[in-house]
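A.B. asks: Structure file start_36.tsv (TSV, C-alpha atoms) right here:
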```tsv
chain	number	residue	atom	x	y	z
A	389	MET	CA	94.90	70.01	153.37
A	390	LYS	CA	93.87	69.44	149.78
A	391	VAL	CA	96.19	67.41	147.57
A	392	ARG	CA	97.10	67.75	143.90
A	393	LYS	CA	99.41	65.39	142.02
A	394	ASN	CA	101.18	65.34	138.69
A	395	MET	CA	98.74	63.31	136.58
A	396	ILE	CA	101.43	62.05	134.19
A	397	ALA	CA	103.21	60.39	137.07
A	398	ILE	CA	99.97	58.90	138.34
A	399	MET	CA	99.08	57.44	134.93
A	400	ALA	CA	102.54	55.90	134.68
A	401	LEU	CA	102.07	54.22	138.02
A	402	LEU	CA	98.63	52.98	137.02
A	403	CYS	CA	100.05	51.47	133.85
A	404	MET	CA	102.77	49.73	135.84
A	405	GLY	CA	100.09	48.33	138.14
A	406	CYS	CA	98.08	46.99	135.18
A	407	VAL	CA	101.06	44.97	133.89
A	408	GLY	CA	100.91	42.65	136.89
A	409	CYS	CA	97.30	43.11	137.86
A	410	THR	CA	96.60	39.39	138.31
A	411	LYS	CA	99.55	38.71	140.57
A	412	GLY	CA	98.56	37.71	144.09
A	413	GLN	CA	94.83	37.63	143.38
A	414	PRO	CA	92.94	34.88	145.21
A	415	LYS	CA	91.85	31.91	143.08
A	416	THR	CA	88.35	32.00	141.67
A	417	ASP	CA	85.95	29.32	140.52
A	418	ALA	CA	86.60	30.46	136.97
A	419	GLY	CA	90.30	29.80	137.44
A	420	ILE	CA	89.71	26.23	138.69
A	421	GLU	CA	87.31	25.47	135.85
A	422	SER	CA	89.87	26.63	133.31
A	423	GLY	CA	92.25	23.89	134.41
A	424	LEU	CA	94.40	25.75	136.93
A	425	GLU	CA	95.55	23.53	139.81
A	426	ASP	CA	93.98	24.17	143.20
A	427	THR	CA	96.89	23.92	145.63
A	428	GLY	CA	94.70	24.17	148.70
A	429	ASN	CA	96.52	27.33	149.89
A	430	THR	CA	93.61	29.68	149.29
A	431	GLU	CA	92.97	30.12	153.02
A	432	ASN	CA	96.65	30.86	153.69
A	433	GLU	CA	96.75	33.32	150.80
A	434	ILE	CA	93.71	35.16	152.13
A	435	GLU	CA	95.24	35.20	155.61
A	436	SER	CA	98.44	36.62	154.13
A	437	GLU	CA	96.50	39.34	152.35
A	438	ASP	CA	94.63	40.16	155.58
A	439	THR	CA	97.92	40.41	157.44
A	440	LYS	CA	99.35	42.72	154.78
A	441	SER	CA	96.19	44.86	154.90
A	442	ALA	CA	96.53	45.22	158.68
A	443	ALA	CA	100.18	46.19	158.31
A	444	ASP	CA	99.28	48.78	155.66
A	445	LYS	CA	96.90	50.48	158.08
A	446	GLN	CA	99.33	50.72	161.03
A	447	ASP	CA	96.80	52.75	162.96
A	448	PHE	CA	97.68	55.54	165.38
A	449	PRO	CA	95.24	57.16	167.81
A	450	ASP	CA	93.82	60.60	167.07
A	451	LYS	CA	94.94	61.65	170.54
A	452	PHE	CA	97.49	60.34	173.01
A	453	GLN	CA	96.79	61.13	176.67
A	454	GLU	CA	99.19	59.91	179.31
A	455	THR	CA	101.75	61.12	181.85
A	456	ILE	CA	105.21	59.58	181.46
A	457	ASN	CA	108.10	60.44	183.75
A	458	GLY	CA	106.35	63.66	184.79
A	459	VAL	CA	105.74	64.83	181.22
A	460	THR	CA	102.07	65.34	180.36
A	461	PHE	CA	100.92	64.12	176.97
A	462	ASP	CA	97.63	65.67	175.87
A	463	THR	CA	98.74	65.21	172.30
A	464	LYS	CA	96.79	65.64	169.10
A	465	ILE	CA	98.27	63.29	166.49
A	466	GLN	CA	98.31	64.60	162.92
A	467	ILE	CA	98.98	62.30	159.95
A	468	SER	CA	98.32	63.15	156.32
A	469	GLU	CA	95.26	61.32	154.99
A	470	GLU	CA	97.24	60.45	151.84
A	471	ALA	CA	100.02	58.66	153.75
A	472	GLU	CA	100.31	54.91	153.19
A	473	LEU	CA	101.86	54.02	156.52
A	474	GLY	CA	102.38	50.40	155.56
A	475	ASN	CA	104.13	51.37	152.33
A	476	LEU	CA	106.95	53.71	153.40
A	477	HIS	CA	110.54	53.35	152.24
A	478	GLN	CA	114.05	54.60	152.80
A	479	ALA	CA	115.03	57.36	150.39
A	480	THR	CA	117.46	60.21	149.85
A	481	ALA	CA	116.87	63.68	148.44
A	482	THR	CA	118.65	66.60	146.81
A	483	LEU	CA	117.61	70.24	146.67
A	484	GLN	CA	116.18	71.35	143.35
A	485	ARG	CA	117.66	74.36	141.61
A	486	PRO	CA	115.56	76.76	139.53
A	487	ASP	CA	116.22	76.91	135.77
A	488	ILE	CA	116.65	80.60	134.98
A	489	GLU	CA	115.89	80.37	131.27
A	490	LYS	CA	112.74	78.32	131.83
A	491	ILE	CA	111.64	80.71	134.59
A	492	LYS	CA	112.10	83.69	132.26
A	493	ALA	CA	110.12	81.88	129.55
A	494	VAL	CA	107.19	81.42	131.93
A	495	PHE	CA	107.18	84.72	133.86
A	496	ALA	CA	108.99	87.25	131.65
A	497	ALA	CA	107.50	86.42	128.26
A	498	GLY	CA	106.22	89.60	126.55
A	499	ARG	CA	107.67	91.88	129.22
A	500	THR	CA	110.27	94.60	128.75
A	501	ALA	CA	113.00	94.68	131.40
A	502	VAL	CA	114.11	98.09	132.65
A	503	GLU	CA	116.84	96.55	134.83
A	504	GLU	CA	118.47	93.13	134.80
A	505	ARG	CA	121.27	91.64	136.89
A	506	ASN	CA	123.05	88.33	136.36
A	507	GLU	CA	125.11	87.36	139.39
A	508	THR	CA	126.55	84.33	141.14
A	509	GLY	CA	125.64	83.04	144.58
A	510	SER	CA	127.17	80.48	146.90
A	511	GLY	CA	125.05	77.74	148.42
A	512	GLU	CA	125.40	74.48	150.32
A	513	ASP	CA	128.84	72.90	150.37
A	514	GLY	CA	130.26	76.08	148.81
A	515	MET	CA	128.73	75.33	145.42
A	516	GLU	CA	128.17	78.36	143.21
A	517	TYR	CA	124.95	78.91	141.28
A	518	PRO	CA	123.62	81.61	138.95
A	519	CYS	CA	121.27	84.34	140.17
A	520	TYR	CA	119.00	86.54	138.10
A	521	THR	CA	117.06	89.68	139.07
A	522	ALA	CA	114.84	91.78	136.82
A	523	TYR	CA	112.46	94.74	137.09
A	524	TYR	CA	109.94	95.20	134.28
A	525	GLU	CA	108.10	98.16	132.74
A	526	ASP	CA	104.74	96.94	134.03
A	527	GLY	CA	106.03	96.87	137.63
A	528	ALA	CA	106.62	93.12	137.80
A	529	PHE	CA	109.64	91.78	139.68
A	530	LEU	CA	111.50	88.51	139.18
A	531	HIS	CA	114.35	87.04	141.22
A	532	THR	CA	115.75	83.56	141.13
A	533	SER	CA	118.68	82.03	142.98
A	534	MET	CA	118.10	78.94	145.11
A	535	VAL	CA	114.57	80.30	145.49
A	536	LEU	CA	112.09	81.84	143.08
A	537	ASN	CA	110.36	85.15	143.80
A	538	TYR	CA	107.93	86.70	141.35
A	539	SER	CA	105.42	89.49	141.96
A	540	THR	CA	103.33	92.13	140.22
A	541	PRO	CA	102.07	95.49	141.58
A	542	VAL	CA	98.80	93.74	142.51
A	543	PHE	CA	100.66	91.89	145.25
A	544	GLU	CA	101.64	95.13	146.99
A	545	LYS	CA	98.00	96.17	147.20
A	546	ILE	CA	96.79	92.79	148.48
A	547	TYR	CA	99.67	92.64	150.97
A	548	GLY	CA	98.16	95.65	152.74
A	549	ALA	CA	94.87	93.81	153.25
A	550	PHE	CA	95.89	90.21	153.91
A	551	ARG	CA	98.37	89.59	156.73
A	552	PHE	CA	98.96	85.96	157.62
A	553	ARG	CA	102.35	86.23	159.30
A	554	PRO	CA	101.93	86.05	163.10
A	555	ASP	CA	104.50	88.79	163.70
A	556	PHE	CA	102.61	91.44	161.69
A	557	GLU	CA	99.05	92.15	162.81
A	558	TYR	CA	97.74	88.74	161.72
A	559	ASN	CA	94.27	88.96	160.17
A	560	ALA	CA	93.97	85.81	158.03
A	561	VAL	CA	91.06	84.59	160.19
A	562	GLN	CA	88.92	87.28	158.57
A	563	TYR	CA	89.03	85.37	155.27
A	564	SER	CA	87.33	82.14	154.24
A	565	LYS	CA	89.12	78.89	153.40
A	566	ASP	CA	86.08	77.41	151.65
A	567	THR	CA	84.56	80.15	149.50
A	568	VAL	CA	84.66	79.75	145.72
A	569	LEU	CA	85.17	83.13	144.08
A	570	GLU	CA	83.98	84.15	140.62
A	571	ILE	CA	87.55	84.00	139.28
A	572	GLY	CA	87.28	80.21	139.12
A	573	ASP	CA	87.44	76.85	140.84
A	574	PRO	CA	90.33	76.92	143.36
A	575	GLU	CA	91.35	73.31	142.61
A	576	LYS	CA	91.56	73.87	138.86
A	577	ILE	CA	93.47	77.08	139.42
A	578	PHE	CA	95.99	75.31	141.63
A	579	ASP	CA	96.45	72.72	138.88
A	580	SER	CA	97.39	75.53	136.50
A	581	VAL	CA	99.79	76.93	139.11
A	582	LEU	CA	101.49	73.53	139.35
A	583	LYS	CA	101.91	73.52	135.57
A	584	ASN	CA	103.63	76.91	135.76
A	585	ILE	CA	105.93	75.76	138.55
A	586	ASN	CA	106.89	72.60	136.67
A	587	GLY	CA	107.21	74.59	133.45
A	588	ALA	CA	109.75	76.78	135.22
A	589	GLY	CA	112.04	73.77	135.67
A	590	TYR	CA	110.90	72.37	139.00
A	591	GLN	CA	109.57	68.87	139.59
A	592	LEU	CA	106.62	69.14	141.94
A	593	ASP	CA	104.72	65.90	141.49
A	594	SER	CA	102.65	65.93	144.67
A	595	ALA	CA	101.67	68.84	146.88
A	596	ALA	CA	99.18	69.42	149.68
A	597	TYR	CA	97.74	72.91	149.94
A	598	ASP	CA	95.39	75.23	151.76
A	599	TYR	CA	94.04	78.48	150.39
A	600	TYR	CA	92.35	81.67	151.52
A	601	ALA	CA	89.64	83.29	149.40
A	602	LEU	CA	90.45	87.00	149.48
A	603	ASP	CA	87.20	88.78	148.63
A	604	HIS	CA	87.32	92.50	147.89
A	605	GLU	CA	84.71	93.42	150.53
A	606	THR	CA	86.83	92.02	153.35
A	607	MET	CA	90.06	93.39	151.87
A	608	GLU	CA	88.57	96.88	151.75
A	609	LYS	CA	87.78	96.66	155.47
A	610	GLU	CA	91.18	95.23	156.37
A	611	TYR	CA	93.44	97.35	154.15
A	612	LYS	CA	95.96	99.66	155.78
A	613	MET	CA	99.13	101.50	154.76
A	614	LEU	CA	101.96	102.45	157.11
A	615	ASP	CA	104.76	104.96	156.65
A	616	LYS	CA	108.39	104.24	157.57
A	617	SER	CA	107.76	105.22	161.18
A	618	GLY	CA	104.84	102.82	161.47
A	619	GLU	CA	102.15	105.48	161.37
A	620	GLU	CA	98.96	104.57	159.54
A	621	LEU	CA	98.28	106.51	156.32
A	622	SER	CA	94.99	107.51	154.74
A	623	VAL	CA	93.57	104.93	152.31
A	624	ASP	CA	90.62	106.97	151.02
A	625	ASN	CA	92.08	107.01	147.50
A	626	ILE	CA	92.28	103.19	147.28
A	627	SER	CA	89.30	101.61	145.51
A	628	TRP	CA	88.21	97.97	145.62
A	629	GLY	CA	86.03	95.85	143.37
A	630	ALA	CA	85.36	92.29	142.22
A	631	GLY	CA	88.42	92.53	139.97
A	632	ASP	CA	90.58	92.50	143.11
A	633	ASP	CA	89.33	89.09	144.30
A	634	CYS	CA	92.19	86.59	144.72
A	635	TYR	CA	93.12	83.19	146.08
A	636	PHE	CA	96.17	82.86	148.28
A	637	TYR	CA	97.65	79.34	148.32
A	638	MET	CA	100.15	77.79	150.73
A	639	ALA	CA	101.53	74.42	149.63
A	640	VAL	CA	103.97	71.80	150.88
A	641	GLN	CA	105.70	69.07	148.89
A	642	GLN	CA	104.78	65.45	149.63
A	643	HIS	CA	106.63	62.14	149.44
A	644	GLU	CA	104.76	58.85	149.82
A	645	GLY	CA	101.81	60.89	151.02
A	646	LEU	CA	103.67	62.59	153.89
A	647	PRO	CA	104.54	66.30	153.90
A	648	VAL	CA	108.22	67.13	153.45
A	649	TYR	CA	109.40	69.19	156.43
A	650	PHE	CA	110.35	72.78	155.58
A	651	GLY	CA	111.62	74.33	158.82
A	652	SER	CA	115.18	74.83	160.04
A	653	SER	CA	117.18	74.86	163.24
A	654	ASP	CA	116.47	78.55	163.87
A	655	PHE	CA	112.99	78.65	162.41
A	656	PRO	CA	111.26	75.34	163.06
A	657	GLU	CA	107.65	76.44	163.25
A	658	ASP	CA	105.58	74.57	160.71
A	659	GLU	CA	102.94	77.26	160.40
A	660	GLU	CA	101.20	78.40	157.22
A	661	SER	CA	103.42	81.41	156.62
A	662	ASN	CA	106.48	79.15	156.32
A	663	ARG	CA	105.18	76.84	153.60
A	664	PRO	CA	107.71	76.53	150.73
A	665	VAL	CA	105.22	77.33	147.96
A	666	GLN	CA	103.08	80.47	148.26
A	667	VAL	CA	100.90	81.82	145.48
A	668	LEU	CA	98.62	84.82	145.00
A	669	TYR	CA	96.28	84.32	142.05
A	670	SER	CA	93.76	86.76	140.54
A	671	ALA	CA	91.59	86.72	137.43
A	672	ASN	CA	94.70	87.89	135.55
A	673	GLY	CA	96.80	84.93	136.69
A	674	ILE	CA	99.70	84.61	139.14
A	675	GLU	CA	100.37	87.88	140.96
A	676	ARG	CA	102.86	86.48	143.45
A	677	LEU	CA	104.85	83.25	143.55
A	678	GLU	CA	107.47	82.14	146.04
A	679	VAL	CA	109.10	78.72	145.72
A	680	SER	CA	111.82	77.41	148.04
A	681	GLN	CA	113.15	74.13	149.40
A	682	LEU	CA	111.78	71.70	146.85
A	683	TYR	CA	113.55	68.33	146.66
A	684	SER	CA	114.17	65.60	144.13
A	685	PHE	CA	113.89	62.09	145.54
A	686	SER	CA	115.73	58.85	144.90
A	687	GLU	CA	113.98	55.65	143.94
A	688	PRO	CA	112.37	53.94	146.97
A	689	GLY	CA	114.81	51.84	148.98
A	690	GLU	CA	114.13	49.27	151.68
A	691	PRO	CA	110.65	49.34	153.26
A	692	VAL	CA	110.41	50.72	156.79
A	693	SER	CA	107.88	50.33	159.58
A	694	LEU	CA	106.93	52.80	162.29
A	695	LEU	CA	107.24	52.27	166.02
A	696	ASP	CA	104.25	52.30	168.34
A	697	PHE	CA	103.50	55.87	169.42
A	698	GLY	CA	103.94	55.01	173.10
A	699	ARG	CA	107.54	54.00	172.38
A	700	ILE	CA	108.13	57.32	170.63
A	701	ALA	CA	106.59	59.22	173.55
A	702	GLU	CA	109.11	57.62	175.90
A	703	THR	CA	111.94	59.34	174.00
A	704	VAL	CA	110.24	62.69	174.55
A	705	SER	CA	109.66	61.99	178.25
A	706	LYS	CA	113.30	61.04	178.79
A	707	LYS	CA	114.44	64.40	177.43
A	708	TYR	CA	112.13	66.57	179.52
A	709	GLY	CA	111.22	64.41	182.50
A	710	ASP	CA	114.36	65.07	184.57
A	711	VAL	CA	114.17	68.88	184.45
A	712	ILE	CA	113.46	70.16	187.97
A	713	GLY	CA	111.02	73.01	188.57
A	714	THR	CA	109.67	73.08	185.02
A	715	SER	CA	106.50	71.56	183.60
A	716	TYR	CA	106.16	70.16	180.09
A	717	MET	CA	103.00	69.42	178.16
A	718	VAL	CA	103.14	67.82	174.71
A	719	THR	CA	100.20	69.21	172.75
A	720	ARG	CA	100.78	68.07	169.17
A	721	ALA	CA	102.68	65.50	167.11
A	722	GLU	CA	102.80	65.54	163.31
A	723	LEU	CA	104.38	62.98	161.00
A	724	TYR	CA	106.82	64.33	158.39
A	725	LYS	CA	109.51	63.30	155.95
A	726	MET	CA	112.53	65.34	157.09
A	727	PRO	CA	115.58	65.88	154.85
A	728	VAL	CA	118.66	65.54	157.08
A	729	LYS	CA	121.95	66.59	155.51
A	730	LEU	CA	124.48	63.91	154.63
A	731	ALA	CA	127.47	64.55	152.34
A	732	ASP	CA	127.81	65.76	148.75
A	733	SER	CA	124.60	67.82	148.86
A	734	THR	CA	122.54	64.72	149.64
A	735	TYR	CA	119.87	64.43	152.33
A	736	ASP	CA	118.67	61.37	154.21
A	737	LEU	CA	114.89	61.49	154.03
A	738	LYS	CA	113.97	60.47	157.58
A	739	ILE	CA	110.44	59.82	158.78
A	740	VAL	CA	110.01	61.86	161.94
A	741	TRP	CA	107.47	62.97	164.48
A	742	LEU	CA	107.51	66.70	165.14
A	743	PHE	CA	106.46	67.32	168.75
A	744	GLU	CA	105.14	70.66	169.94
A	745	VAL	CA	106.05	71.01	173.62
A	746	ILE	CA	104.79	73.73	175.97
A	747	GLU	CA	107.30	74.55	178.71
A	748	SER	CA	106.05	76.48	181.74
A	749	GLY	CA	107.64	77.46	185.02
A	750	THR	CA	108.83	80.36	187.15
A	751	ASP	CA	111.85	82.46	186.20
A	752	SER	CA	114.41	82.13	189.01
A	753	ASP	CA	115.70	85.68	188.47
A	754	THR	CA	112.46	87.65	188.12
A	755	GLY	CA	110.03	85.34	189.92
A	756	ARG	CA	107.61	85.66	187.02
A	757	ASP	CA	105.74	82.76	185.51
A	758	TYR	CA	106.53	81.99	181.89
A	759	GLU	CA	105.35	79.73	179.10
A	760	TYR	CA	106.75	79.14	175.64
A	761	THR	CA	106.67	76.60	172.84
A	762	GLN	CA	109.58	74.46	171.71
A	763	TYR	CA	109.91	71.62	169.23
A	764	MET	CA	111.45	68.17	169.26
A	765	PHE	CA	111.92	65.66	166.45
A	766	VAL	CA	111.95	61.89	166.93
A	767	ASP	CA	112.76	59.29	164.28
A	768	ALA	CA	109.52	57.37	163.78
A	769	THR	CA	111.36	54.16	162.84
A	770	ASP	CA	113.92	53.81	165.66
A	771	GLY	CA	112.79	56.22	168.40
A	772	THR	CA	115.98	58.34	168.50
A	773	GLU	CA	115.94	62.13	168.66
A	774	VAL	CA	116.64	63.90	165.37
A	775	PHE	CA	118.28	67.29	165.67
A	776	SER	CA	116.94	70.02	163.45
A	777	ASP	CA	120.25	71.71	162.57
A	778	PHE	CA	120.29	69.92	159.22
A	779	ARG	CA	120.47	72.89	156.83
```
Would you mind writing the file's structure down as structure tokens?

C.D. replies:
Amino acid sequence: MKVRKNMIAIMALLCMGCVGCTKGQPKTDAGIESGLEDTGNTENEIESEDTKSAADKQDFPDKFQETINGVTFDTKIQISEEAELGNLHQATATLQRPDIEKIKAVFAAGRTAVEERNETGSGEDGMEYPCYTAYYEDGAFLHTSMVLNYSTPVFEKIYGAFRFRPDFEYNAVQYSKDTVLEIGDPEKIFDSVLKNINGAGYQLDSAAYDYYALDHETMEKEYKMLDKSGEELSVDNISWGAGDDCYFYMAVQQHEGLPVYFGSSDFPEDEESNRPVQVLYSANGIERLEVSQLYSFSEPGEPVSLLDFGRIAETVSKKYGDVIGTSYMVTRAELYKMPVKLADSTYDLKIVWLFEVIESGTDSDTGRDYEYTQYMFVDATDGTEVFSDFR
């Protein structure tokens, strides 16, 4: 996934680094000539730096293949390229709340509302929060509660041609993830999207994203309309042109280079359609924006180190290895920061491995073979199972 960061935050960090830029640097000939004492520890200092460098890498294999306690591991290991595995820390998090007035300033400016509703919702720990819903003369829609939903009529048209949810005639594979459309550079456009999201009151400093280039030729071929009974309607009166070209972005928040997990106990799949930030962008700007489950993070706490992957795999094998008559294959493991609920609306930001486990066997009642996917989470620092009912 591509990564974009808040440049103000990056510059601040760079400035902090410059303040102490000479600290820990090995001695040079110039330093000795200027009268600095040579303590004779240069070799030890270099060895210390080499040791630190090795710790920072903390390498994991690209694939783990082994059978442990009857559980087969043919496991692809996925770790964000931006993660600094030797520089991870304890932290806590809180859910961000949208700012209604800022959201209206960004998405409702210049629009005339034909219907508005101001209501109150109830969220985690029984806390109440304001909700706002509006329909506008130009067909735009805006809703904000603990999530933000914004769309224009363009979205409805594109929605009939681009279907990336697995439960509804998935066709995203028909579109490119690399094409640059005439509407602009996808990276620069995503930067402008981040500015809008932060302008609406969120703090999204670092995000990793993928995008689909939705070209009008493919959308014309893929477009369909269904009536309430599911019957396909005629689309002869729908025209398509270069003005319909769009990018569709799916983004996930990051912390210390790792993606922040966005599933739940009932909906754990970490697939594209579940990403907490989704954007449809045309030459006219944002046509659809959905933002949910963004967190604010505490200052970094104590540093943490990760266990060897083999030790983590043992936890998985202990859970599934004693089940009789059923086979388990672990196909994928991805490293995440997972917010796990504590008290007072605070989350412990655990570092976890998400394991994708294929269970197969024979149904004792029907005699039919079956296979389905389930998920398991293991704390990457202590090897204990983490349960996903944390919302």

A.B. asks: Quote the spacing between CA of Phe495 in chain A and CA of Tyr538 in chain A in Å to one decimal place.

C.D. replies: 7.8 Å

A.B. asks: How would you write as a ChimeraX atom specification the residues that get within 12 Å of (110.8, 90.5, 137.0) in the file's frame, counting all atoms listed in the file?

C.D. replies: /A:488,491-505,520-532,536-541,675-677

A.B. asks: Here is a test: counting only C-alpha atoms, which residue of A:Met764, A:Ser705, A:Glu454, A:Asp462 is nearest to Thr719 in chain A?

C.D. replies: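 Closest candidate: A:Asp462.
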
A.B. asks: Can you tell me which residues surround range 693-701 of chain A at a distance of at most 10 Å, considering only C-alpha atoms, apart from same-chain residues fewer than 6 positions away, and format the answer as a count of residues only?

C.D. replies: 33

A.B. asks: By how many Å are CA of Leu602 in chain A and CA of Cys634 in chain A apart?

C.D. replies: 5.1 Å

A.B. asks: Go through A:Ala595, A:Ile577, A:Val665, A:Ile746 one by one, measure the shortest atom-to-atom distance of each to Val535 in chain A using only C-alpha atoms, and give the residue with the smallest value.

C.D. replies: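 Counting only C-alpha atoms, the residue closest to Val535 in chain A is A:Val665.
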
A.B. asks: What is the CA of Lys583 in chain A to CA of Lys729 in chain A distance in Å?

C.D. replies: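 CA of Lys729 in chain A lies 29.1 Å from CA of Lys583 in chain A.
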
A.B. asks: Find, counting only C-alpha atoms, the residue in A:Leu682, A:Ala481, A:Met389, A:Ile546 that gets nearest to Tyr597 in chain A.

C.D. replies: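 Result for the nearest residue to Tyr597 in chain A: A:Met389.
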
A.B. asks: Would you list the contacts of Gly458 in chain A as a list in words, taking every protein, DNA or RNA residue within 9 Å and counting only C-alpha atoms, but skipping same-chain residues closer than 5 positions in sequence?

C.D. replies: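 The residues satisfying every condition are Ser705, Tyr708, Gly709, Asp710, Ser715 and Tyr716 of chain A.
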
A.B. asks: Give the answer as one residue: which of A:Ser468, A:Gln453, A:Asn506, A:Ser580 has the shortest atom-to-atom distance to Gly673 in chain A, using only C-alpha atoms?

C.D. replies: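 The shortest atom-to-atom distance to Gly673 in chain A comes from A:Ser580.
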
A.B. asks: Give the answer as one residue: which of A:Glu747, A:Asp573, A:Glu469, A:Glu687 has the shortest atom-to-atom distance to Glu759 in chain A, using all atoms listed in the file?

C.D. replies: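 The closest residue to Glu759 in chain A is A:Glu747.
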
A.B. asks: With all atoms listed in the file as the basis for distance, which of A:Gly548, A:Gly651, A:Gly572, A:Gly645 is at the shortest distance from Met607 in chain A?

C.D. replies: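 When distances to Met607 in chain A are compared using all atoms listed in the file, the smallest one comes from A:Gly548.
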
A.B. asks: Just want the 7 Å neighbourhood of range 585-588 of chain A, counted on only C-alpha atoms, with same-chain residues fewer than 2 positions away dropped. Output as a tab-separated table (two decimals) with C-alpha atoms, keeping the file's coordinate frame.

C.D. replies:
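Contents of result_37.tsv, freshly written:
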```tsv
chain	number	residue	atom	x	y	z
A	487	ASP	CA	116.22	76.91	135.77
A	490	LYS	CA	112.74	78.32	131.83
A	491	ILE	CA	111.64	80.71	134.59
A	494	VAL	CA	107.19	81.42	131.93
A	581	VAL	CA	99.79	76.93	139.11
A	582	LEU	CA	101.49	73.53	139.35
A	583	LYS	CA	101.91	73.52	135.57
A	590	TYR	CA	110.90	72.37	139.00
A	591	GLN	CA	109.57	68.87	139.59
A	592	LEU	CA	106.62	69.14	141.94
```

A.B. asks: Return range 755-768 of chain A, completed with N, CA and C atoms, as a short mmCIF file (atom, residue, chain, number, x, y, z; two decimals), in the frame of the given file.

C.D. replies:
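Just written: out.cif:
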```cif
data_model
loop_
_atom_site.label_atom_id
_atom_site.label_comp_id
_atom_site.auth_asym_id
_atom_site.auth_seq_id
_atom_site.Cartn_x
_atom_site.Cartn_y
_atom_site.Cartn_z
N GLY A 755 111.16 85.86 189.17
CA GLY A 755 110.03 85.34 189.92
C GLY A 755 108.74 85.32 189.14
N ARG A 756 108.81 85.63 187.85
CA ARG A 756 107.61 85.66 187.02
C ARG A 756 107.37 84.30 186.36
N ASP A 757 106.09 83.98 186.22
CA ASP A 757 105.74 82.76 185.51
C ASP A 757 105.94 82.96 184.01
N TYR A 758 106.32 81.90 183.34
CA TYR A 758 106.53 81.99 181.89
C TYR A 758 105.97 80.74 181.21
N GLU A 759 105.79 80.86 179.92
CA GLU A 759 105.35 79.73 179.10
C GLU A 759 105.79 79.98 177.67
N TYR A 760 106.40 79.00 177.04
CA TYR A 760 106.75 79.14 175.64
C TYR A 760 106.78 77.78 174.97
N THR A 761 106.76 77.82 173.64
CA THR A 761 106.67 76.60 172.84
C THR A 761 108.04 76.24 172.28
N GLN A 762 108.37 74.96 172.35
CA GLN A 762 109.58 74.46 171.71
C GLN A 762 109.24 73.19 170.94
N TYR A 763 110.18 72.75 170.12
CA TYR A 763 109.91 71.62 169.23
C TYR A 763 110.97 70.54 169.41
N MET A 764 110.55 69.31 169.19
CA MET A 764 111.45 68.17 169.26
C MET A 764 111.11 67.22 168.12
N PHE A 765 112.12 66.59 167.55
CA PHE A 765 111.92 65.66 166.45
C PHE A 765 112.41 64.28 166.87
N VAL A 766 111.60 63.26 166.58
CA VAL A 766 111.95 61.89 166.93
C VAL A 766 111.79 61.02 165.69
N ASP A 767 112.81 60.22 165.40
CA ASP A 767 112.76 59.29 164.28
C ASP A 767 111.63 58.28 164.52
N ALA A 768 110.69 58.22 163.60
CA ALA A 768 109.52 57.37 163.78
C ALA A 768 109.83 55.89 163.61
#
```
